Structure formats: structure tokens, C-alpha cells
Amino acid sequence: MRSTEEVVESLREALAGVGVMLPSLGVDPVTGASKEPFALVDLGRCNVRTAEHLTDVLRSLPVREALRARVRQLNREGSPG
């Protein structure tokens, strides 16, 4: 399992790859300082242009079918026998 910081950096890189920058993206300081094993990811705030761009990028991706296929794959791999 990767650390929250590693996940945040990976998300930052993935977003940058599609031209989206969330300036406040980071590890939530409150949960990061708690005894929980994993802090929350704070997606932060962004301007309207960035929000629109992120919406456009998300809508352009064939996520639904790809996600379903990935879930089916993981379910097959995780099922005994």
C-alpha cells in the first residue's frame, strides 16, 4: 500500500497529464496528524476554469466501461478457485 503522499503525487501527475492543476491538492493536515493509518486526500480549491476543464476531461474518458471491466477483473483475481 502506498503512502498518502505517494498517492497525492501520483494524482497530481495524472491530472497534469491531462492538463489539470489543482493548486490546493495535498494531504489533509488534520487527518495527516491523526493516528489513522491513512490520511485523507484534500483535493482543495480551484478556479472555475479549472473546474470546467476537469469536468470536460472526466466526461471525455471512457471511464464507465473501463471501470466495470477493471472491477470484473479484480473480482475474478480475488475470488477463490
# chains A, B, ... in the order shown; residues from 1 in each chain; ligands from 1
call {"tool": "select_by_dssp", "arguments": {"residues": "chain A", "states": "strand (DSSP E)", "output": "PyMOL selection string"}}
result
chain A and resi 26-27+41-42
call {"tool": "residues_around", "arguments": {"residues": "Val7 (chain A)", "least_positions_apart": "3", "cutoff": "12 Å", "atoms": "only C-alpha atoms", "output": "number ranges by chain"}}
result
A: 1-4, 10-14, 25-27, 38-43
call {"tool": "write_last_selection", "arguments": {"atoms": "C-alpha atoms", "output": "PDB file, in the first residue's frame"}}
result
ATOM      1  CA  MET A   1       0.000   0.000   0.000  1.00  0.00           C
ATOM      2  CA  ARG A   2       1.391   3.387  -0.970  1.00  0.00           C
ATOM      3  CA  SER A   3       1.517   6.301   1.427  1.00  0.00           C
ATOM      4  CA  THR A   4      -0.964   9.144   1.132  1.00  0.00           C
ATOM      5  CA  SER A  10       0.580  10.226  -8.437  1.00  0.00           C
ATOM      6  CA  LEU A  11      -2.768  12.009  -8.689  1.00  0.00           C
ATOM      7  CA  ARG A  12      -1.007  15.333  -9.278  1.00  0.00           C
ATOM      8  CA  GLU A  13       0.999  13.771 -12.128  1.00  0.00           C
ATOM      9  CA  ALA A  14      -2.063  12.114 -13.655  1.00  0.00           C
ATOM     10  CA  LEU A  25      -4.109  19.288  -3.809  1.00  0.00           C
ATOM     11  CA  GLY A  26      -2.395  17.728  -0.823  1.00  0.00           C
ATOM     12  CA  VAL A  27      -2.630  15.618   2.288  1.00  0.00           C
ATOM     13  CA  PHE A  38      -4.000   6.809   6.084  1.00  0.00           C
ATOM     14  CA  ALA A  39      -4.737  10.496   5.886  1.00  0.00           C
ATOM     15  CA  LEU A  40      -7.429  11.891   3.629  1.00  0.00           C
ATOM     16  CA  VAL A  41      -6.506  13.458   0.313  1.00  0.00           C
ATOM     17  CA  ASP A  42      -7.544  17.099   0.207  1.00  0.00           C
ATOM     18  CA  LEU A  43      -8.465  17.942  -3.379  1.00  0.00           C
TER      19      LEU A  43
END
call {"tool": "residues_around", "arguments": {"residues": "Val57 (chain A)", "least_positions_apart": "4", "cutoff": "8 Å", "atoms": "only C-alpha atoms", "output": "list in words"}}
result
Val18, His53 and Leu61 of chain A
call {"tool": "write_last_selection", "arguments": {"atoms": "C-alpha atoms", "output": "mmCIF file, in the first residue's frame"}}
result
data_model
loop_
_atom_site.group_PDB
_atom_site.id
_atom_site.type_symbol
_atom_site.label_atom_id
_atom_site.label_comp_id
_atom_site.auth_asym_id
_atom_site.auth_seq_id
_atom_site.Cartn_x
_atom_site.Cartn_y
_atom_site.Cartn_z
ATOM 1 C CA VAL A 18 -4.474 15.805 -18.945
ATOM 2 C CA HIS A 53 -11.628 21.722 -17.621
ATOM 3 C CA LEU A 61 -12.876 9.484 -20.695
#
call {"tool": "decode", "arguments": {"residues": "region 20-44 of chain A", "atoms": "N, CA, C and O atoms", "output": "short mmCIF file (atom, residue, chain, number, x, y, z; two decimals), in the first residue's frame"}}
result
data_model
loop_
_atom_site.label_atom_id
_atom_site.label_comp_id
_atom_site.auth_asym_id
_atom_site.auth_seq_id
_atom_site.Cartn_x
_atom_site.Cartn_y
_atom_site.Cartn_z
N VAL A 20 -4.71 19.37 -16.12
CA VAL A 20 -5.45 19.90 -14.97
C VAL A 20 -4.49 20.07 -13.80
O VAL A 20 -3.73 19.17 -13.47
N MET A 21 -4.54 21.24 -13.18
CA MET A 21 -3.73 21.50 -12.00
C MET A 21 -4.65 21.95 -10.87
O MET A 21 -5.36 22.94 -11.00
N LEU A 22 -4.65 21.19 -9.79
CA LEU A 22 -5.40 21.58 -8.59
C LEU A 22 -4.38 22.17 -7.62
O LEU A 22 -3.62 21.43 -6.99
N PRO A 23 -4.35 23.49 -7.48
CA PRO A 23 -3.31 24.13 -6.69
C PRO A 23 -3.30 23.76 -5.21
O PRO A 23 -2.26 23.80 -4.57
N SER A 24 -4.44 23.36 -4.68
CA SER A 24 -4.51 23.04 -3.25
C SER A 24 -4.45 21.55 -2.97
O SER A 24 -4.66 21.13 -1.84
N LEU A 25 -4.18 20.74 -3.99
CA LEU A 25 -4.11 19.29 -3.81
C LEU A 25 -3.03 18.94 -2.80
O LEU A 25 -1.90 19.43 -2.89
N GLY A 26 -3.38 18.11 -1.83
CA GLY A 26 -2.40 17.73 -0.82
C GLY A 26 -2.98 16.77 0.19
O GLY A 26 -4.10 16.30 0.05
N VAL A 27 -2.19 16.48 1.19
CA VAL A 27 -2.63 15.62 2.29
C VAL A 27 -3.37 16.49 3.29
O VAL A 27 -2.90 17.56 3.68
N ASP A 28 -4.55 16.05 3.70
CA ASP A 28 -5.33 16.78 4.69
C ASP A 28 -4.54 16.86 5.99
O ASP A 28 -4.15 15.83 6.55
N PRO A 29 -4.25 18.08 6.47
CA PRO A 29 -3.39 18.22 7.65
C PRO A 29 -4.00 17.65 8.93
O PRO A 29 -3.26 17.16 9.79
N VAL A 30 -5.30 17.68 9.05
CA VAL A 30 -5.94 17.18 10.27
C VAL A 30 -5.83 15.66 10.35
O VAL A 30 -5.36 15.11 11.36
N THR A 31 -6.23 14.97 9.27
CA THR A 31 -6.14 13.51 9.31
C THR A 31 -4.70 13.05 9.16
O THR A 31 -4.35 11.96 9.61
N GLY A 32 -3.85 13.86 8.55
CA GLY A 32 -2.43 13.52 8.43
C GLY A 32 -1.74 13.50 9.77
O GLY A 32 -0.75 12.79 9.96
N ALA A 33 -2.25 14.27 10.72
CA ALA A 33 -1.66 14.33 12.05
C ALA A 33 -2.33 13.36 13.03
O ALA A 33 -1.91 13.26 14.18
N SER A 34 -3.35 12.67 12.58
CA SER A 34 -4.08 11.77 13.48
C SER A 34 -3.38 10.41 13.54
O SER A 34 -2.40 10.16 12.85
N LYS A 35 -3.94 9.52 14.32
CA LYS A 35 -3.38 8.18 14.47
C LYS A 35 -3.92 7.22 13.42
O LYS A 35 -3.56 6.05 13.41
N GLU A 36 -4.77 7.70 12.52
CA GLU A 36 -5.30 6.86 11.45
C GLU A 36 -4.14 6.44 10.55
O GLU A 36 -3.21 7.21 10.31
N PRO A 37 -4.20 5.23 10.00
CA PRO A 37 -3.08 4.78 9.17
C PRO A 37 -2.95 5.55 7.85
O PRO A 37 -1.85 5.68 7.33
N PHE A 38 -4.05 6.08 7.34
CA PHE A 38 -4.00 6.81 6.08
C PHE A 38 -4.77 8.12 6.22
O PHE A 38 -5.92 8.13 6.62
N ALA A 39 -4.10 9.18 5.85
CA ALA A 39 -4.74 10.50 5.89
C ALA A 39 -5.66 10.63 4.68
O ALA A 39 -5.54 9.91 3.70
N LEU A 40 -6.56 11.59 4.76
CA LEU A 40 -7.43 11.89 3.63
C LEU A 40 -6.67 12.74 2.62
O LEU A 40 -5.76 13.50 2.98
N VAL A 41 -7.06 12.62 1.37
CA VAL A 41 -6.51 13.46 0.31
C VAL A 41 -7.40 14.68 0.20
O VAL A 41 -8.61 14.57 0.02
N ASP A 42 -6.81 15.84 0.33
CA ASP A 42 -7.54 17.10 0.21
C ASP A 42 -7.40 17.58 -1.23
O ASP A 42 -6.31 17.96 -1.67
N LEU A 43 -8.51 17.52 -1.98
CA LEU A 43 -8.47 17.94 -3.38
C LEU A 43 -8.40 19.46 -3.49
O LEU A 43 -8.02 19.99 -4.52
N GLY A 44 -8.76 20.13 -2.43
CA GLY A 44 -8.58 21.58 -2.38
C GLY A 44 -9.55 22.37 -3.23
O GLY A 44 -10.60 21.89 -3.62
#
